[in-house]
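Q: Structure supplied as entry.pdb; contents: PDB, C-alpha atoms and all ligand atoms.
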ATOM      1  CA  MET A 202       0.000   0.000   0.000
ATOM      2  CA  THR A 203       1.621   3.236  -1.051
ATOM      3  CA  TYR A 204       0.241   6.735  -0.890
ATOM      4  CA  GLU A 205       3.425   8.303  -2.241
ATOM      5  CA  THR A 206       1.990   8.503  -5.751
ATOM      6  CA  TYR A 207      -0.172  11.347  -4.437
ATOM      7  CA  LEU A 208       1.738  12.743  -1.467
ATOM      8  CA  SER A 209       5.348  13.412  -0.548
ATOM      9  CA  LEU A 210       4.650  11.448   2.664
ATOM     10  CA  GLY A 211       4.382   7.683   2.975
ATOM     11  CA  ARG A 212       1.614   6.120   5.054
ATOM     12  CA  ALA A 213       3.690   5.887   8.265
ATOM     13  CA  ASP A 214       4.700   9.566   8.140
ATOM     14  CA  LEU A 215       1.158  10.563   7.225
ATOM     15  CA  LEU A 216      -0.216   8.669  10.231
ATOM     16  CA  GLU A 217       2.236  10.539  12.447
ATOM     17  CA  ARG A 218       1.029  13.872  11.026
ATOM     18  CA  LEU A 219      -2.603  12.874  11.530
ATOM     19  CA  GLN A 220      -1.951  11.745  15.076
ATOM     20  CA  GLU A 221      -0.442  15.161  15.865
ATOM     21  CA  THR A 222      -3.371  16.958  14.192
ATOM     22  CA  LEU A 223      -6.399  14.959  15.375
ATOM     23  CA  SER A 224      -7.850  13.868  18.705
ATOM     24  CA  PRO A 225      -7.388  10.128  19.472
ATOM     25  CA  HIS A 226     -11.095   9.527  18.774
ATOM     26  CA  ARG A 227     -10.958  11.165  15.352
ATOM     27  CA  PHE A 228      -7.644   9.511  14.509
ATOM     28  CA  GLN A 229      -9.302   6.124  15.069
ATOM     29  CA  HIS A 230     -12.268   7.258  12.957
ATOM     30  CA  VAL A 231     -10.078   8.161   9.954
ATOM     31  CA  LEU A 232      -8.278   4.803  10.215
ATOM     32  CA  ASN A 233     -11.687   3.096  10.172
ATOM     33  CA  VAL A 234     -12.843   5.146   7.187
ATOM     34  CA  GLU A 235      -9.614   4.259   5.367
ATOM     35  CA  GLN A 236     -10.397   0.549   5.819
ATOM     36  CA  ALA A 237     -14.083   0.914   4.909
ATOM     37  CA  ALA A 238     -13.159   2.897   1.772
ATOM     38  CA  ILE A 239     -10.573   0.313   0.694
ATOM     39  CA  GLN A 240     -13.125  -2.489   1.102
ATOM     40  CA  LEU A 241     -15.755  -0.639  -0.910
ATOM     41  CA  ALA A 242     -13.213   0.211  -3.620
ATOM     42  CA  GLN A 243     -12.246  -3.444  -3.885
ATOM     43  CA  ALA A 244     -15.893  -4.512  -4.057
ATOM     44  CA  TYR A 245     -16.574  -2.065  -6.912
ATOM     45  CA  GLY A 246     -13.330  -2.396  -8.890
ATOM     46  CA  GLN A 247     -12.145   1.107  -7.952
ATOM     47  CA  ASP A 248      -8.633   2.181  -6.952
ATOM     48  CA  PRO A 249      -8.108   1.176  -3.296
ATOM     49  CA  ILE A 250      -5.147   3.535  -2.906
ATOM     50  CA  LYS A 251      -7.141   6.618  -3.875
ATOM     51  CA  ALA A 252     -10.057   5.460  -1.721
ATOM     52  CA  GLY A 253      -7.854   4.695   1.285
ATOM     53  CA  LEU A 254      -6.052   8.021   1.051
ATOM     54  CA  ALA A 255      -9.350   9.905   0.733
ATOM     55  CA  GLY A 256     -10.539   8.040   3.841
ATOM     56  CA  LEU A 257      -7.449   8.896   5.863
ATOM     57  CA  LEU A 258      -7.530  12.578   4.904
ATOM     58  CA  HIS A 259     -11.256  13.339   4.781
ATOM     59  CA  ASP A 260     -11.506  14.855   8.287
ATOM     60  CA  TYR A 261      -8.046  16.467   8.246
ATOM     61  CA  ALA A 262      -9.518  19.945   8.858
ATOM     62  CA  LYS A 263     -12.319  18.869  11.224
ATOM     63  CA  GLU A 264     -10.602  20.194  14.345
ATOM     64  CA  LYS A 265      -9.453  23.521  12.940
ATOM     65  CA  PRO A 266     -10.977  26.518  14.750
ATOM     66  CA  ASP A 267     -13.819  28.469  13.139
ATOM     67  CA  ALA A 268     -11.465  31.439  12.747
ATOM     68  CA  TYR A 269      -9.306  29.381  10.363
ATOM     69  CA  PHE A 270     -12.248  28.888   7.985
ATOM     70  CA  GLN A 271     -13.555  32.444   8.375
ATOM     71  CA  THR A 272     -10.140  33.795   7.408
ATOM     72  CA  LEU A 273      -9.920  31.348   4.505
ATOM     73  CA  ILE A 274     -13.300  32.496   3.133
ATOM     74  CA  ALA A 275     -12.169  36.138   3.270
ATOM     75  CA  GLU A 276      -8.621  35.583   1.949
ATOM     76  CA  ARG A 277      -9.622  33.381  -0.970
ATOM     77  CA  GLY A 278     -12.634  35.539  -1.871
ATOM     78  CA  LEU A 279     -15.002  32.568  -1.462
ATOM     79  CA  ASP A 280     -18.798  32.928  -1.410
ATOM     80  CA  PRO A 281     -19.577  34.939   1.771
ATOM     81  CA  ASP A 282     -22.752  32.842   2.229
ATOM     82  CA  LEU A 283     -20.408  30.141   3.532
ATOM     83  CA  LEU A 284     -19.909  32.249   6.679
ATOM     84  CA  GLN A 285     -23.490  31.379   7.715
ATOM     85  CA  TRP A 286     -22.608  27.711   7.946
ATOM     86  CA  GLY A 287     -20.306  25.954  10.362
ATOM     87  CA  ASN A 288     -17.645  23.324  10.806
ATOM     88  CA  ASN A 289     -19.882  20.521   9.528
ATOM     89  CA  ILE A 290     -19.884  22.147   6.098
ATOM     90  CA  TRP A 291     -16.502  23.868   6.256
ATOM     91  CA  HIS A 292     -14.294  20.926   7.213
ATOM     92  CA  GLY A 293     -14.941  19.139   3.910
ATOM     93  CA  TYR A 294     -15.963  21.874   1.511
ATOM     94  CA  LEU A 295     -13.085  24.120   2.605
ATOM     95  CA  GLY A 296     -10.877  21.513   4.280
ATOM     96  CA  ILE A 297      -9.414  20.700   0.880
ATOM     97  CA  TYR A 298      -7.506  23.995   1.008
ATOM     98  CA  ALA A 299      -5.741  22.879   4.199
ATOM     99  CA  ILE A 300      -4.987  19.491   2.647
ATOM    100  CA  GLN A 301      -3.502  21.155  -0.440
ATOM    101  CA  ASP A 302      -1.551  23.792   1.490
ATOM    102  CA  GLU A 303      -0.289  21.659   4.372
ATOM    103  CA  LEU A 304       0.104  18.213   2.803
ATOM    104  CA  GLY A 305       0.593  19.092  -0.867
ATOM    105  CA  LEU A 306      -2.144  16.788  -2.178
ATOM    106  CA  GLU A 307      -3.045  17.773  -5.747
ATOM    107  CA  ASP A 308      -5.115  14.870  -7.067
ATOM    108  CA  GLU A 309      -8.408  16.420  -8.172
ATOM    109  CA  GLU A 310     -10.470  13.252  -7.751
ATOM    110  CA  ILE A 311      -9.383  12.695  -4.156
ATOM    111  CA  LEU A 312      -9.827  16.386  -3.309
ATOM    112  CA  GLU A 313     -13.327  16.403  -4.815
ATOM    113  CA  ALA A 314     -14.369  13.301  -2.844
ATOM    114  CA  ILE A 315     -13.203  15.026   0.350
ATOM    115  CA  ARG A 316     -14.893  18.308  -0.627
ATOM    116  CA  VAL A 317     -18.319  16.655  -0.899
ATOM    117  CA  HIS A 318     -17.971  13.972   1.792
ATOM    118  CA  THR A 319     -20.662  15.370   4.095
ATOM    119  CA  ILE A 320     -23.014  17.012   1.594
ATOM    120  CA  GLY A 321     -22.693  14.941  -1.574
ATOM    121  CA  LYS A 322     -23.758  16.400  -4.927
ATOM    122  CA  ALA A 323     -25.645  15.313  -8.036
ATOM    123  CA  ASN A 324     -23.557  13.051 -10.296
ATOM    124  CA  MET A 325     -21.072  11.798  -7.736
ATOM    125  CA  SER A 326     -18.115   9.779  -9.041
ATOM    126  CA  PRO A 327     -17.574   6.247  -7.693
ATOM    127  CA  LEU A 328     -14.797   7.627  -5.476
ATOM    128  CA  ASP A 329     -17.098  10.398  -4.163
ATOM    129  CA  MET A 330     -19.728   7.791  -3.272
ATOM    130  CA  ILE A 331     -17.209   5.408  -1.714
ATOM    131  CA  LEU A 332     -15.907   8.067   0.671
ATOM    132  CA  TYR A 333     -19.410   9.383   1.462
ATOM    133  CA  LEU A 334     -20.509   5.850   2.382
ATOM    134  CA  ALA A 335     -17.303   4.757   4.122
ATOM    135  CA  ASP A 336     -17.641   7.711   6.516
ATOM    136  CA  TYR A 337     -21.178   6.566   7.363
ATOM    137  CA  ILE A 338     -20.665   2.812   7.731
ATOM    138  CA  GLU A 339     -17.131   2.536   9.213
ATOM    139  CA  ALA A 340     -16.681  -0.210  11.797
ATOM    140  CA  ASP A 341     -17.351   1.892  14.920
ATOM    141  CA  ARG A 342     -20.636   3.398  13.666
ATOM    142  CA  ASN A 343     -23.523   1.903  15.616
ATOM    143  CA  PHE A 344     -26.589   4.125  15.085
ATOM    144  CA  PRO A 345     -29.982   2.559  14.285
ATOM    145  CA  GLY A 346     -30.037   1.814  10.562
ATOM    146  CA  VAL A 347     -26.299   1.366  10.111
ATOM    147  CA  GLU A 348     -26.707  -2.312   9.180
ATOM    148  CA  GLU A 349     -29.192  -1.346   6.475
ATOM    149  CA  ALA A 350     -26.748   1.316   5.272
ATOM    150  CA  ARG A 351     -23.973  -1.315   5.088
ATOM    151  CA  ARG A 352     -26.217  -3.730   3.181
ATOM    152  CA  LEU A 353     -27.257  -1.076   0.661
ATOM    153  CA  ALA A 354     -23.707   0.258   0.237
ATOM    154  CA  TYR A 355     -22.728  -3.214  -0.990
ATOM    155  CA  SER A 356     -25.902  -3.587  -3.061
ATOM    156  CA  SER A 357     -25.070  -0.488  -5.108
ATOM    157  CA  LEU A 358     -23.220   2.739  -4.388
ATOM    158  CA  GLU A 359     -26.213   4.777  -5.566
ATOM    159  CA  GLU A 360     -28.641   2.939  -3.282
ATOM    160  CA  GLY A 361     -26.262   3.505  -0.393
ATOM    161  CA  VAL A 362     -25.989   7.221  -1.190
ATOM    162  CA  ALA A 363     -29.781   7.527  -1.468
ATOM    163  CA  TYR A 364     -30.340   5.851   1.903
ATOM    164  CA  GLU A 365     -27.614   7.797   3.704
ATOM    165  CA  THR A 366     -28.837  11.123   2.315
ATOM    166  CA  ALA A 367     -32.491  10.464   3.177
ATOM    167  CA  GLU A 368     -31.558   9.369   6.707
ATOM    168  CA  THR A 369     -29.286  12.367   7.215
ATOM    169  CA  LEU A 370     -31.952  14.790   5.980
ATOM    170  CA  ALA A 371     -34.586  13.269   8.259
ATOM    171  CA  PHE A 372     -32.192  13.412  11.212
ATOM    172  CA  LEU A 373     -31.331  17.071  10.614
ATOM    173  CA  ALA A 374     -34.937  18.081   9.977
ATOM    174  CA  LYS A 375     -36.154  16.381  13.158
ATOM    175  CA  LYS A 376     -33.622  18.340  15.169
ATOM    176  CA  GLY A 377     -34.416  21.615  13.406
ATOM    177  CA  ILE A 378     -30.866  21.885  12.047
ATOM    178  CA  PRO A 379     -30.528  23.929   8.835
ATOM    179  CA  ILE A 380     -29.908  21.874   5.700
ATOM    180  CA  TYR A 381     -27.204  22.914   3.273
ATOM    181  CA  PRO A 382     -28.795  23.346  -0.187
ATOM    182  CA  GLN A 383     -26.333  20.962  -1.836
ATOM    183  CA  THR A 384     -27.529  18.176   0.507
ATOM    184  CA  LEU A 385     -31.014  18.658  -0.955
ATOM    185  CA  GLU A 386     -29.551  18.479  -4.470
ATOM    186  CA  THR A 387     -27.967  15.147  -3.532
ATOM    187  CA  TYR A 388     -31.272  13.876  -2.178
ATOM    188  CA  ASN A 389     -33.182  14.945  -5.303
ATOM    189  CA  ALA A 390     -30.579  13.355  -7.575
ATOM    190  CA  TYR A 391     -30.500   9.969  -5.771
ATOM    191  CA  ARG A 392     -33.945   9.541  -4.175
ATOM    192  CA  HIS A 393     -35.172   7.332  -7.040
ATOM    193  CA  PHE A 394     -32.706   4.697  -5.802
ATOM    194  CA  LEU A 395     -34.586   4.423  -2.490
ATOM    195  CA  GLU A 396     -36.403   1.150  -1.886
ATOM    196  CA  ARG A 397     -40.121   1.711  -1.475
TER     197      ARG A 397
HETATM  198 FE    FE B   1     -16.235  14.739   7.963
HETATM  199 FE    FE B   2     -15.627  11.511   9.050
END
Would you give me this structure, written as structure tokens?

A:
Amino acid sequence: MTYETYLSLGRADLLERLQETLSPHRFQHVLNVEQAAIQLAQAYGQDPIKAGLAGLLHDYAKEKPDAYFQTLIAERGLDPDLLQWGNNIWHGYLGIYAIQDELGLEDEEILEAIRVHTIGKANMSPLDMILYLADYIEADRNFPGVEEARRLAYSSLEEGVAYETAETLAFLAKKGIPIYPQTLETYNAYRHFLER
């Protein structure tokens, strides 16, 4: 397993960097997502190295302070509407800037999968779907419905994405949490894969 095609760091050095950057709980989570993404990639004939690396890096920016993202939005001239949202949106959508700047990752497919890992989009690539699902079904996830999510993820990537998005929307709506418009786009694009 080598990640050096995409990064100047090998896996061991990357793990050291992640361990310095992330809490122990989140470090374990990214290791789990790496494994889940590799397994899905193998099941669907996709590149396990790209999937594994996307899994390891997807939450790289999750523990950065809000001020980091607020500054980034201003400095890069990004859509000021992003300021209304929070870490749940920022750490993926904007986390790719930290991954590019601090780790030197340039692969557009991996960066895009990380960018959309919490919100999805219409027309996701296989790698986008693999990361989106791996984050949801990794070994330590134990919410009600996770077994169904695992079953569907291995039935088809699209069915898995449809189920995860519908469940996430329902969860957010029940709690009165605002829904990022792109999450609704994902739902509308994939809902016809839901079992009825
Ligand atoms: Fe995340
Ligand atoms: Fe995650």

Q: Just want the 12 Å neighbourhood of stretch 338-341 of chain A, counted on all atoms listed in the file, with same-chain residues fewer than 6 positions away dropped. Output as a ChimeraX atom specification.

A: /A:226-227,229-241,256,331-332,347-355,361-362,364-365

Q: To check your reading of the model: which residues sit at most 10 Å from ligand FE 1 (chain B) when counting only C-alpha atoms and all ligand atoms? Write the answer as a list in words.

A: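 Counting only what the definition allows, namely only C-alpha atoms and all ligand atoms, the set is Arg227, His230, Val231, Gly256, Leu258, His259, Asp260, Tyr261, Ala262, Lys263, Asn288, Asn289, Ile290, Trp291, His292, Gly293, Tyr294, Gly296, Ile315, Arg316, Val317, His318, Thr319, Ile320, Leu332, Tyr333, Asp336 and Tyr337 of chain A.
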
Q: Measure the distance from atom CA of A:Thr384 to atom CA of A:Ile250 in Å and round it to one decimal.

A: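 Value for the atom CA of A:Thr384-atom CA of A:Ile250 distance: 27.0 Å.
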
Q: May I ask for the distance between atom CA of A:Asp329 and atom CA of A:Ala252, given in Å to one decimal place?

A: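 Straight-line distance from atom CA of A:Asp329 to atom CA of A:Ala252 works out to 8.9 Å.
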
Q: What is the atom CA of A:Glu205-atom CA of A:Leu254 distance in Å, reported with one decimal?

A: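 Between atom CA of A:Glu205 and atom CA of A:Leu254 the gap is 10.0 Å.
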
Q: Measuring between all atoms listed in the file, which one of A:Gly377, A:Leu328, A:Phe228, A:Gly287 shows the shortest distance to ligand FE 2 (chain B)?

A: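 Closest candidate: A:Phe228.
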
Q: Counting only C-alpha atoms, which residues sit no farther than 9 Å from the position (-34.0, 11.9, -1.0) in the file's frame? I'd like them as a list in words.

A: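 Using only C-alpha atoms, the matching residues come out as Ala363, Tyr364, Glu365, Thr366, Ala367, Glu368, Leu370, Leu385, Glu386, Thr387, Tyr388, Asn389, Ala390, Tyr391, Arg392, His393, Phe394 and Leu395 of chain A.
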
Q: Here is a test: counting all atoms listed in the file, which residue of A:Thr369, A:Pro379, A:Glu264, A:Glu303 is nearest to A:Trp286?

A: A:Pro379

Q: Set the distance at 10 Å and use only C-alpha atoms: which residues neighbour A:Ala213 once local chain neighbours fewer than 6 positions away are removed? I'd like the list as a list in words.

A: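 Answer for this query is Thr203, Tyr204 and Leu219 of chain A.
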
Q: Output C-alpha atoms of each residue in that selection to a file, as a CSV table (one decimal), in the coordinates of the input.

A:
chain,number,residue,atom,x,y,z
A,203,THR,CA,1.6,3.2,-1.1
A,204,TYR,CA,0.2,6.7,-0.9
A,219,LEU,CA,-2.6,12.9,11.5

Q: For ligand FE 2 (chain B), which residue out of A:Leu223, A:Ala242, A:Leu284, A:Leu273 is the nearest one, using all atoms listed in the file?

A: A:Leu223

Q: Could you spell out the hits of the PyMOL selection byres (((chain A and resi 208) around 12) and not hetatm) on the shown file, as a PyMOL selection string?

A: chain A and resi 203-207+209-212+214-215+250-251+254-255+258+300-308+311

Q: Nearest to ligand FE 2 (chain B) among A:Arg342, A:Arg397, A:Arg218, A:Lys322, with distances taken over only C-alpha atoms and all ligand atoms: which residue is it?

A: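 Of all the options, A:Arg342 lies closest to ligand FE 2 (chain B).
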
Q: Which of these, A:Ala244, A:Ala299, A:Leu257, A:Ala275, has the shortest distance to ligand FE 2 (chain B) once you count all atoms listed in the file?

A: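 Comparing A:Ala244, A:Ala299, A:Leu257, A:Ala275 against ligand FE 2 (chain B), the winner is A:Leu257.
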
Q: Return the single residue from A:Leu334, A:Leu358, A:Glu310, A:Leu373 that is closest to ligand FE 2 (chain B), with distances computed using all atoms listed in the file.

A: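 Closest to ligand FE 2 (chain B) of all the choices is A:Leu334.
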
Q: Box for stretch 377-382 of chain A - axis-aligned, 5 Å on each of the six sides, all listed atoms - centre and size in Å to one decimal, as AutoDock Vina command-line options.

A:
--center_x -30.8 --center_y 22.8 --center_z 6.6 --size_x 17.2 --size_y 12.3 --size_z 23.6
